[in-house]
Every structure is written in C-alpha cells, then in structure tokens.
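**Q** Sending over a structure as structure tokens; questions will come in a sec.
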Amino acid sequence: MNNASDFKKAHRLVEVDNALRFDVPLEPDHEFYTDFSDVRGDFEDRLLYKQLNVHPRSYVFNREANQGNKVILFLAGMRGSGKTSELARIAKNLHHPQGFFCVTCNLDVGLDMNDLEYMDVLIYQIERLIEDLERHKIKFDENIVEVLYGWFAQRVEEVNRAIKAETGFEIAIEAKTPNILGLLGITSKLKANLSGSKENAEKIRLSLKNNFTDFAFKFNEFIETVNLTLRQHNKAQEVMFIIDGLEKTATSDIRRKIVLEETNRIRAIRVHTIFTLPIELMSRQRLLEAFSTVTSFPFVKIREKNGDLVEKAIQRFETFVYKRIDPSLFDSPDTVRQAILYGGGSPRELLRVLEYANMFADEDSNRISRANLEKGIKKLAAQTSQYLSKDDLEKLKELDAANKAQIPVAYDESWQDLLEKLIILEYNDGTYKRVNPVIEESALYKHYVG
C-alpha cells in the first residue's frame, strides 16, 4: 500500500493527479488533512464520544463506571464520506493513558477482500494488537500468551490432519516457545493461509468456528490481561479496536454475512470495538442495536433542502482543495467553488471531479479552467449515469420533487442501491437525501427529470 508521505502539494499540473488520490488514508497530522467534523449537519463528534463513554472534550474514558461495559459501535456512512480519515483523528484523540490503546485494522490492507469471514477478522485483530504492543515495547505476563498460543497450535494440528488427508500439504508452523512473538507468528501464518487456497481457508475457519466458545473465553482473558498491563504501565485504560474497510469487500453477501450472520460471535468478544458499517446494512439498525450502538456518518451538507448554500461548509472544502493544489493552478476561485458544488459534500467525489477537470487542462497554460471543469463534468456525468434504469430515474424524479417541496421521503429499499452507487447522497442523520450533482448534469437525467 502506498504511503501518505508520498503526497505532496501540487504546484504544477503534472503533479495534480498524485495530489488528488483518495486510496491512501490520511493521518490527522498530514498536511492534506482537513477537519469536517463541525460541518456534517446533525452529526456531532461529541455524541460519538459519549456513546463510547468518553468525555467529549478531555477524551477521558470513565472506566470505573463502565468496567463491565464493552462498547460495540457501528459507524455507518457512504463510501467517500471521509470515515477513514475521521476515524484516524478519533483514534488519535482516544489513544492516551486515560483513554484507550487504539488498534486500527484496515481490512483491505491485511485480508483477502474477495473471500472474507468474521473469523479472519478476529485473527487479524490479534495480529495487529501484538504488532502494536511490540511497537510500543509493552511487556506482560507470558502465561496468558501460552494459553492462547496453545489453543491456536491445537487448531493448526486439526487443520493439518484434514489437509494432509486430502493434499499432503500442511500449514508449516515453526516450533517456538509460546511467547508473544510465537503467537504473532502463528496468527500471521494462519492469516496468510486464509488468503491462499479456498479449500484450506474453509478448513481453518471450520476448525476455529467449531471451537469458538473456548476461543472467545481465551481471547477475552487475553484482552483483560493486556488491559491490566496497559493500566500498570500507564499506557491506556483498555484496548479499543477500529475495524475499517468492510464496505470494500467484493460483494454485499460477504458484508451481510460478517455483520448479520455473526452477531452472536461478535457479541461474545468482550472488547471495545468500532466497526464501519456498509451503508446498505443501515436498514438493519434495529437488529444491530440489540447488542451495539449504531450511528450515521453523513456527507458534508453544502446545500439546504431549499437550495440555499452552506457557506461555512463550502469554505472548508476550499481549504481542502488548496491544501492539495496551489491556487495558482486554477483560472479563478469560482472554478474551485463550482467544483465543490459538483462534489455534493463528498470529499472523494470532489477529488474525482477535479481529476476529470485536470484531464482536459492545457499543460501549456498550467491552469485548470472553468471550461476544463465543464468538459470533465460532462464526461463524468455520462459515465456515472449510463446504467440508470427507468425505475431509477423515477425514484430520482420523486426525490427531486420531495426536496423542492421540502417534504421528507419515506424509506424504500430501492434507495439503498442508489445510495451504494453514489447516485444519491445522504446528509444529516440519513433523513436528507439529494441527487448527486454530477448525475444532475447528465443528458439522461435532464431528459427524464428536468
């Protein structure tokens, strides 16, 4: 994976494409990072911290009042809304002696997104936790490591017997003393084999799931030992995992299986965890709230339902653009402002708009002009709208009419597909939707909706 340190502000057109990339998460201290937390409509960071039982200003975790309360929080938001960057900022705020030891697990970095189950995620969590403990040079009682190591070693023996009976190829585990590095080695090897042949991956998962009750008990004991050690060394009060990237899995079936079919296993793991929730599963909020907290992470609202512009939000996006691209590379501030309006309040959509505008920019002039922007939008709109069905267009017509009349739109499952494809964008707490401004510029939309 590319590193955010490769990002540099563009001072020439040839540097613009690299400055517009959105495939690498930004840390809060990166020069490109822009804080949108106070311009997301009804969404407030303060409420999220309170849901985690953390003081919203000091970020202190009230452990005494919540010793038995392990929070599971699902943060639902559309792709491109900036969840990953905001979670990095939240993790930085929470990671301190009176808060949490935050361990971020970016699933698209560590696992096979084409073939993924919840057990894979758990193994990756252990690997990431051990890596971070080692990086911070935190030492603790090896006896608890020996217990968990022994459990995994037994599972590997079971899997090897099943694999050897069929193919003769076994999972090679180097003989090690059951210490923290040995546990890291065995989890890393298991994770690597989960991304190998599908047959072997299924055998590993079956062995782990058949012994899950025992695993959950030992995992929870391990976490509590780590928590105690963190407090003794004044590093943190407890461990918190941030599981990001579920929406990047290959299919909605994989996402649904992990979140909805594994609820009992998720509940059995006693550790504070924030999951990003794919937007299409937001409709199952009531089911998830039986054991967790669900909150919506919307796009930035740059336009009210009545069409009025939200100037504070637009100015924040201007900062966002000028951190990446020098103002001298635009023919005027109005071009940037129009690009922001086309972006619809999505950081990623705005980067796409600018990317397409840059395609048409003249290298000799070393400027992105309004004409370049309009050509880029025309191309992007045609590509984005070409697979819209008549039913889709009828829904967009309904949404447009509702917003003009300033009336709420009732829930309909057909909205979910349009949200997932970013044909419509969602604001506030999910009660306010608008057609993607790029779609509005397409000939298809103009013909059917007007």
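Ordering of the structure tokens sets the chain letters (A, B, ...), residue numbers begin anew at 1 in every chain, and ligands are numbered from 1 in the order given.
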Please identify all polymer residues within 10 Å of range 192-209 of chain A, counting only C-alpha atoms, omitting same-chain residues fewer than 4 positions from it, and present them as a PyMOL selection string.
**A** chain A and resi 110-120+123+151-152+154-160+162-163+167+169-171+186-188+213-215+265
**Q** Applying 9 Å and only C-alpha atoms, which residues near Arg89 in chain A remain after dropping the ones on its own chain fewer than 5 positions away? List them as a PyMOL selection string.
**A** chain A and resi 27-29+35+84+94
**Q** So which residues touch Leu350 in chain A within 9 Å, counting only C-alpha atoms, skipping near sequence neighbours fewer than 6 positions away, as number ranges by chain?
**A** A: 317, 321, 339-344
**Q** Only all heavy atoms, please: the residues just picked out, written as a JSON list (two decimals), in the first residue's frame.
**A**
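Contents of the output file result24.json:
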[["chain", "number", "residue", "atom", "x", "y", "z"],
["A", 317, "PHE", "N", -14.31, 23.21, 2.26],
["A", 317, "PHE", "CA", -13.88, 22.47, 1.08],
["A", 317, "PHE", "C", -12.84, 23.25, 0.27],
["A", 317, "PHE", "O", -11.96, 22.66, -0.36],
["A", 317, "PHE", "CB", -15.08, 22.10, 0.20],
["A", 317, "PHE", "CG", -15.71, 20.79, 0.56],
["A", 317, "PHE", "CD1", -16.99, 20.74, 1.08],
["A", 317, "PHE", "CD2", -15.01, 19.60, 0.39],
["A", 317, "PHE", "CE1", -17.58, 19.53, 1.42],
["A", 317, "PHE", "CE2", -15.59, 18.38, 0.72],
["A", 317, "PHE", "CZ", -16.88, 18.35, 1.24],
["A", 321, "VAL", "N", -9.27, 21.76, -0.88],
["A", 321, "VAL", "CA", -8.69, 21.79, -2.23],
["A", 321, "VAL", "C", -7.33, 22.46, -2.22],
["A", 321, "VAL", "O", -6.35, 21.94, -2.78],
["A", 321, "VAL", "CB", -9.64, 22.51, -3.21],
["A", 321, "VAL", "CG1", -8.96, 22.71, -4.57],
["A", 321, "VAL", "CG2", -10.94, 21.74, -3.38],
["A", 339, "ALA", "N", -16.55, 23.41, -8.67],
["A", 339, "ALA", "CA", -16.14, 22.01, -8.48],
["A", 339, "ALA", "C", -16.65, 21.48, -7.14],
["A", 339, "ALA", "O", -17.10, 20.33, -7.06],
["A", 339, "ALA", "CB", -14.61, 21.91, -8.56],
["A", 340, "ILE", "N", -16.59, 22.31, -6.11],
["A", 340, "ILE", "CA", -17.09, 21.92, -4.78],
["A", 340, "ILE", "C", -18.58, 21.61, -4.84],
["A", 340, "ILE", "O", -19.05, 20.61, -4.26],
["A", 340, "ILE", "CB", -16.78, 23.02, -3.75],
["A", 340, "ILE", "CG1", -15.27, 23.09, -3.49],
["A", 340, "ILE", "CG2", -17.55, 22.79, -2.44],
["A", 340, "ILE", "CD1", -14.83, 24.33, -2.74],
["A", 341, "LEU", "N", -19.33, 22.43, -5.55],
["A", 341, "LEU", "CA", -20.77, 22.20, -5.66],
["A", 341, "LEU", "C", -21.05, 20.90, -6.41],
["A", 341, "LEU", "O", -21.97, 20.15, -6.05],
["A", 341, "LEU", "CB", -21.44, 23.38, -6.36],
["A", 341, "LEU", "CG", -21.38, 24.72, -5.62],
["A", 341, "LEU", "CD1", -22.09, 25.81, -6.42],
["A", 341, "LEU", "CD2", -21.98, 24.61, -4.22],
["A", 342, "TYR", "N", -20.27, 20.60, -7.44],
["A", 342, "TYR", "CA", -20.43, 19.33, -8.15],
["A", 342, "TYR", "C", -20.09, 18.15, -7.25],
["A", 342, "TYR", "O", -20.63, 17.06, -7.42],
["A", 342, "TYR", "CB", -19.53, 19.30, -9.39],
["A", 342, "TYR", "CG", -20.04, 20.08, -10.57],
["A", 342, "TYR", "CD1", -19.17, 20.90, -11.32],
["A", 342, "TYR", "CD2", -21.38, 20.01, -10.97],
["A", 342, "TYR", "CE1", -19.63, 21.62, -12.41],
["A", 342, "TYR", "CE2", -21.84, 20.74, -12.07],
["A", 342, "TYR", "CZ", -20.96, 21.54, -12.78],
["A", 342, "TYR", "OH", -21.41, 22.26, -13.87],
["A", 343, "GLY", "N", -19.17, 18.34, -6.30],
["A", 343, "GLY", "CA", -18.78, 17.26, -5.40],
["A", 343, "GLY", "C", -19.86, 16.85, -4.43],
["A", 343, "GLY", "O", -19.82, 15.75, -3.87],
["A", 344, "GLY", "N", -20.84, 17.72, -4.20],
["A", 344, "GLY", "CA", -22.01, 17.36, -3.40],
["A", 344, "GLY", "C", -21.76, 17.13, -1.92],
["A", 344, "GLY", "O", -22.59, 16.53, -1.24]]
**Q** Residues near Met282 in chain A, anyone? I mean within 12 Å using only C-alpha atoms, not counting same-chain ones fewer than 2 positions away, as an NGL selection string.
**A** :A and (74-78 or 247 or 255-256 or 259-260 or 276-280 or 284-289 or 293-297 or 411 or 413 or 415-416 or 419-420 or 429-430)
**Q** Select, from A:Phe222, A:Phe291, A:Phe360, A:Phe32, the residue with the minimum atom-to-atom distance to Ile325 in chain A, counting only C-alpha atoms.
**A**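 Using only C-alpha atoms, Ile325 in chain A sits closest to A:Phe32.
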**Q** Considering only C-alpha atoms, can you say which of A:Asp308, A:Arg57, A:Leu281, A:Asn372 comes closest to Leu246 in chain A?
**A**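 Closest candidate: A:Leu281.
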**Q** Pick out each residue of range 194-391 of chain A that DSSP on the backbone tags as helix (DSSP H, G or I); I need them as a PyMOL selection string.
**A** chain A and resi 194+198-210+212-232+246-248+252-260+263-268+279-288+311-324+327-329+333-343+347-359+370-385+390-391
**Q** Excluding Glu31 in chain A and residues on its chain fewer than 6 positions from it, collect all residues at most 9 Å away from it, counting only C-alpha atoms, and give them as a CSV table (one decimal) with N, CA and C atoms, in the first residue's frame.
**A**
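Here's the written file part_39.csv:
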chain,number,residue,atom,x,y,z
A,7,PHE,N,2.4,11.9,-0.7
A,7,PHE,CA,1.5,13.0,-1.1
A,7,PHE,C,2.2,14.4,-1.0
A,8,LYS,N,2.3,15.1,-2.0
A,8,LYS,CA,2.9,16.5,-1.9
A,8,LYS,C,1.9,17.4,-2.6
A,9,LYS,N,1.9,18.6,-2.1
A,9,LYS,CA,1.0,19.7,-2.7
A,9,LYS,C,1.4,19.9,-4.2
A,323,LYS,N,-5.2,22.9,0.1
A,323,LYS,CA,-4.1,22.1,0.7
A,323,LYS,C,-3.4,21.1,-0.2
A,324,ARG,N,-4.2,20.7,-1.2
A,324,ARG,CA,-3.7,19.7,-2.2
A,324,ARG,C,-3.1,20.4,-3.5
**Q** Which is closer to Ile138 in chain A than all the others in A:Asp400, A:Glu86, A:Ala268, A:Leu228, using only C-alpha atoms?
**A** A:Leu228
**Q** Pick out the residues sitting within 9 Å of range 125-133 of chain A, and hand them over as JSON, numbers by chain; count only C-alpha atoms, and ignore anything fewer than 3 positions along from it in its own chain.
**A** {"A": [102, 103, 104, 105, 120, 121, 122, 136, 137, 138, 139, 180, 181, 183, 184, 185, 187, 188, 191, 219, 239, 241, 243]}
**Q** With N, CA and C atoms retained, write the just-selected residues as a PDB file, in the first residue's frame.
**A**
ATOM      1  N   CYS A 102      -5.606   2.284  21.064  1.00  0.00           N
ATOM      2  CA  CYS A 102      -6.374   2.104  19.829  1.00  0.00           C
ATOM      3  C   CYS A 102      -5.573   1.309  18.802  1.00  0.00           C
ATOM      4  N   VAL A 103      -6.179   0.249  18.309  1.00  0.00           N
ATOM      5  CA  VAL A 103      -5.560  -0.618  17.309  1.00  0.00           C
ATOM      6  C   VAL A 103      -6.442  -0.594  16.067  1.00  0.00           C
ATOM      7  N   THR A 104      -5.932  -0.013  14.989  1.00  0.00           N
ATOM      8  CA  THR A 104      -6.705   0.108  13.757  1.00  0.00           C
ATOM      9  C   THR A 104      -6.413  -1.070  12.835  1.00  0.00           C
ATOM     10  N   CYS A 105      -7.480  -1.705  12.361  1.00  0.00           N
ATOM     11  CA  CYS A 105      -7.366  -2.839  11.449  1.00  0.00           C
ATOM     12  C   CYS A 105      -7.997  -2.451  10.115  1.00  0.00           C
ATOM     13  N   ASP A 120     -11.679 -14.535  10.106  1.00  0.00           N
ATOM     14  CA  ASP A 120     -10.471 -13.934   9.526  1.00  0.00           C
ATOM     15  C   ASP A 120     -10.174 -12.600  10.205  1.00  0.00           C
ATOM     16  N   VAL A 121     -11.241 -11.828  10.428  1.00  0.00           N
ATOM     17  CA  VAL A 121     -11.094 -10.513  11.053  1.00  0.00           C
ATOM     18  C   VAL A 121     -10.521 -10.665  12.465  1.00  0.00           C
ATOM     19  N   LEU A 122     -11.021 -11.638  13.214  1.00  0.00           N
ATOM     20  CA  LEU A 122     -10.539 -11.833  14.587  1.00  0.00           C
ATOM     21  C   LEU A 122      -9.053 -12.196  14.619  1.00  0.00           C
ATOM     22  N   HIS A 136       5.195  -0.536  20.803  1.00  0.00           N
ATOM     23  CA  HIS A 136       5.236   0.328  21.984  1.00  0.00           C
ATOM     24  C   HIS A 136       6.048  -0.289  23.121  1.00  0.00           C
ATOM     25  N   LYS A 137       6.675  -1.469  22.841  1.00  0.00           N
ATOM     26  CA  LYS A 137       7.544  -2.147  23.813  1.00  0.00           C
ATOM     27  C   LYS A 137       6.817  -2.413  25.133  1.00  0.00           C
ATOM     28  N   ILE A 138       5.595  -2.904  25.035  1.00  0.00           N
ATOM     29  CA  ILE A 138       4.790  -3.236  26.223  1.00  0.00           C
ATOM     30  C   ILE A 138       4.928  -4.728  26.507  1.00  0.00           C
ATOM     31  N   LYS A 139       5.432  -5.060  27.672  1.00  0.00           N
ATOM     32  CA  LYS A 139       5.640  -6.454  28.068  1.00  0.00           C
ATOM     33  C   LYS A 139       4.617  -6.836  29.128  1.00  0.00           C
ATOM     34  N   ILE A 180       5.058 -14.088  23.053  1.00  0.00           N
ATOM     35  CA  ILE A 180       4.280 -13.133  22.276  1.00  0.00           C
ATOM     36  C   ILE A 180       4.666 -13.176  20.793  1.00  0.00           C
ATOM     37  N   LEU A 181       5.953 -13.349  20.492  1.00  0.00           N
ATOM     38  CA  LEU A 181       6.376 -13.417  19.087  1.00  0.00           C
ATOM     39  C   LEU A 181       5.943 -14.731  18.442  1.00  0.00           C
ATOM     40  N   LEU A 183       3.161 -16.270  19.236  1.00  0.00           N
ATOM     41  CA  LEU A 183       1.736 -16.074  18.951  1.00  0.00           C
ATOM     42  C   LEU A 183       1.557 -15.225  17.696  1.00  0.00           C
ATOM     43  N   LEU A 184       2.407 -14.200  17.538  1.00  0.00           N
ATOM     44  CA  LEU A 184       2.346 -13.380  16.332  1.00  0.00           C
ATOM     45  C   LEU A 184       2.650 -14.235  15.096  1.00  0.00           C
ATOM     46  N   GLY A 185       3.618 -15.118  15.214  1.00  0.00           N
ATOM     47  CA  GLY A 185       3.973 -15.973  14.086  1.00  0.00           C
ATOM     48  C   GLY A 185       2.853 -16.905  13.674  1.00  0.00           C
ATOM     49  N   THR A 187      -0.444 -16.567  14.271  1.00  0.00           N
ATOM     50  CA  THR A 187      -1.594 -15.847  13.704  1.00  0.00           C
ATOM     51  C   THR A 187      -1.275 -15.334  12.297  1.00  0.00           C
ATOM     52  N   SER A 188      -0.039 -14.890  12.081  1.00  0.00           N
ATOM     53  CA  SER A 188       0.362 -14.423  10.749  1.00  0.00           C
ATOM     54  C   SER A 188       0.305 -15.558   9.736  1.00  0.00           C
ATOM     55  N   LYS A 191      -3.332 -16.335   8.975  1.00  0.00           N
ATOM     56  CA  LYS A 191      -3.904 -15.294   8.126  1.00  0.00           C
ATOM     57  C   LYS A 191      -3.435 -15.458   6.682  1.00  0.00           C
ATOM     58  N   PHE A 219      -9.677 -15.619  24.328  1.00  0.00           N
ATOM     59  CA  PHE A 219      -9.434 -14.302  23.746  1.00  0.00           C
ATOM     60  C   PHE A 219      -9.762 -13.211  24.759  1.00  0.00           C
ATOM     61  N   VAL A 239      -8.056  -1.683  25.749  1.00  0.00           N
ATOM     62  CA  VAL A 239      -7.855  -1.817  24.310  1.00  0.00           C
ATOM     63  C   VAL A 239      -9.130  -1.402  23.578  1.00  0.00           C
ATOM     64  N   PHE A 241     -10.421  -1.652  19.418  1.00  0.00           N
ATOM     65  CA  PHE A 241     -10.173  -1.979  18.022  1.00  0.00           C
ATOM     66  C   PHE A 241     -11.029  -1.088  17.132  1.00  0.00           C
ATOM     67  N   ILE A 243     -12.229  -1.339  13.314  1.00  0.00           N
ATOM     68  CA  ILE A 243     -12.283  -2.246  12.163  1.00  0.00           C
ATOM     69  C   ILE A 243     -12.832  -1.468  10.980  1.00  0.00           C
TER      70      ILE A 243
END
**Q** Would you pick out the contacts of Leu388 in chain A at 9 Å or less, using only C-alpha atoms, so that residues sharing its chain but fewer than 5 positions from it are not included, and give the list as a VMD selection string?
**A** chain A and resid 393 423 444
**Q** Take the residues just selected and output them with C-alpha atoms as a compact mmCIF listing (two decimals), in the first residue's frame.
**A**
# COMPACT_ATOMS: atom_id res chain seq x y z
CA LEU A 393 -34.93 7.69 -12.85
CA ILE A 423 -26.33 8.15 -7.42
CA LEU A 444 -30.25 11.22 -19.28
**Q** With only C-alpha atoms as the atoms that count, which of A:Gln232, A:Phe212, A:Ile90, A:Pro97 lies nearest to Glu262 in chain A?
**A**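 Closest candidate: A:Phe212.
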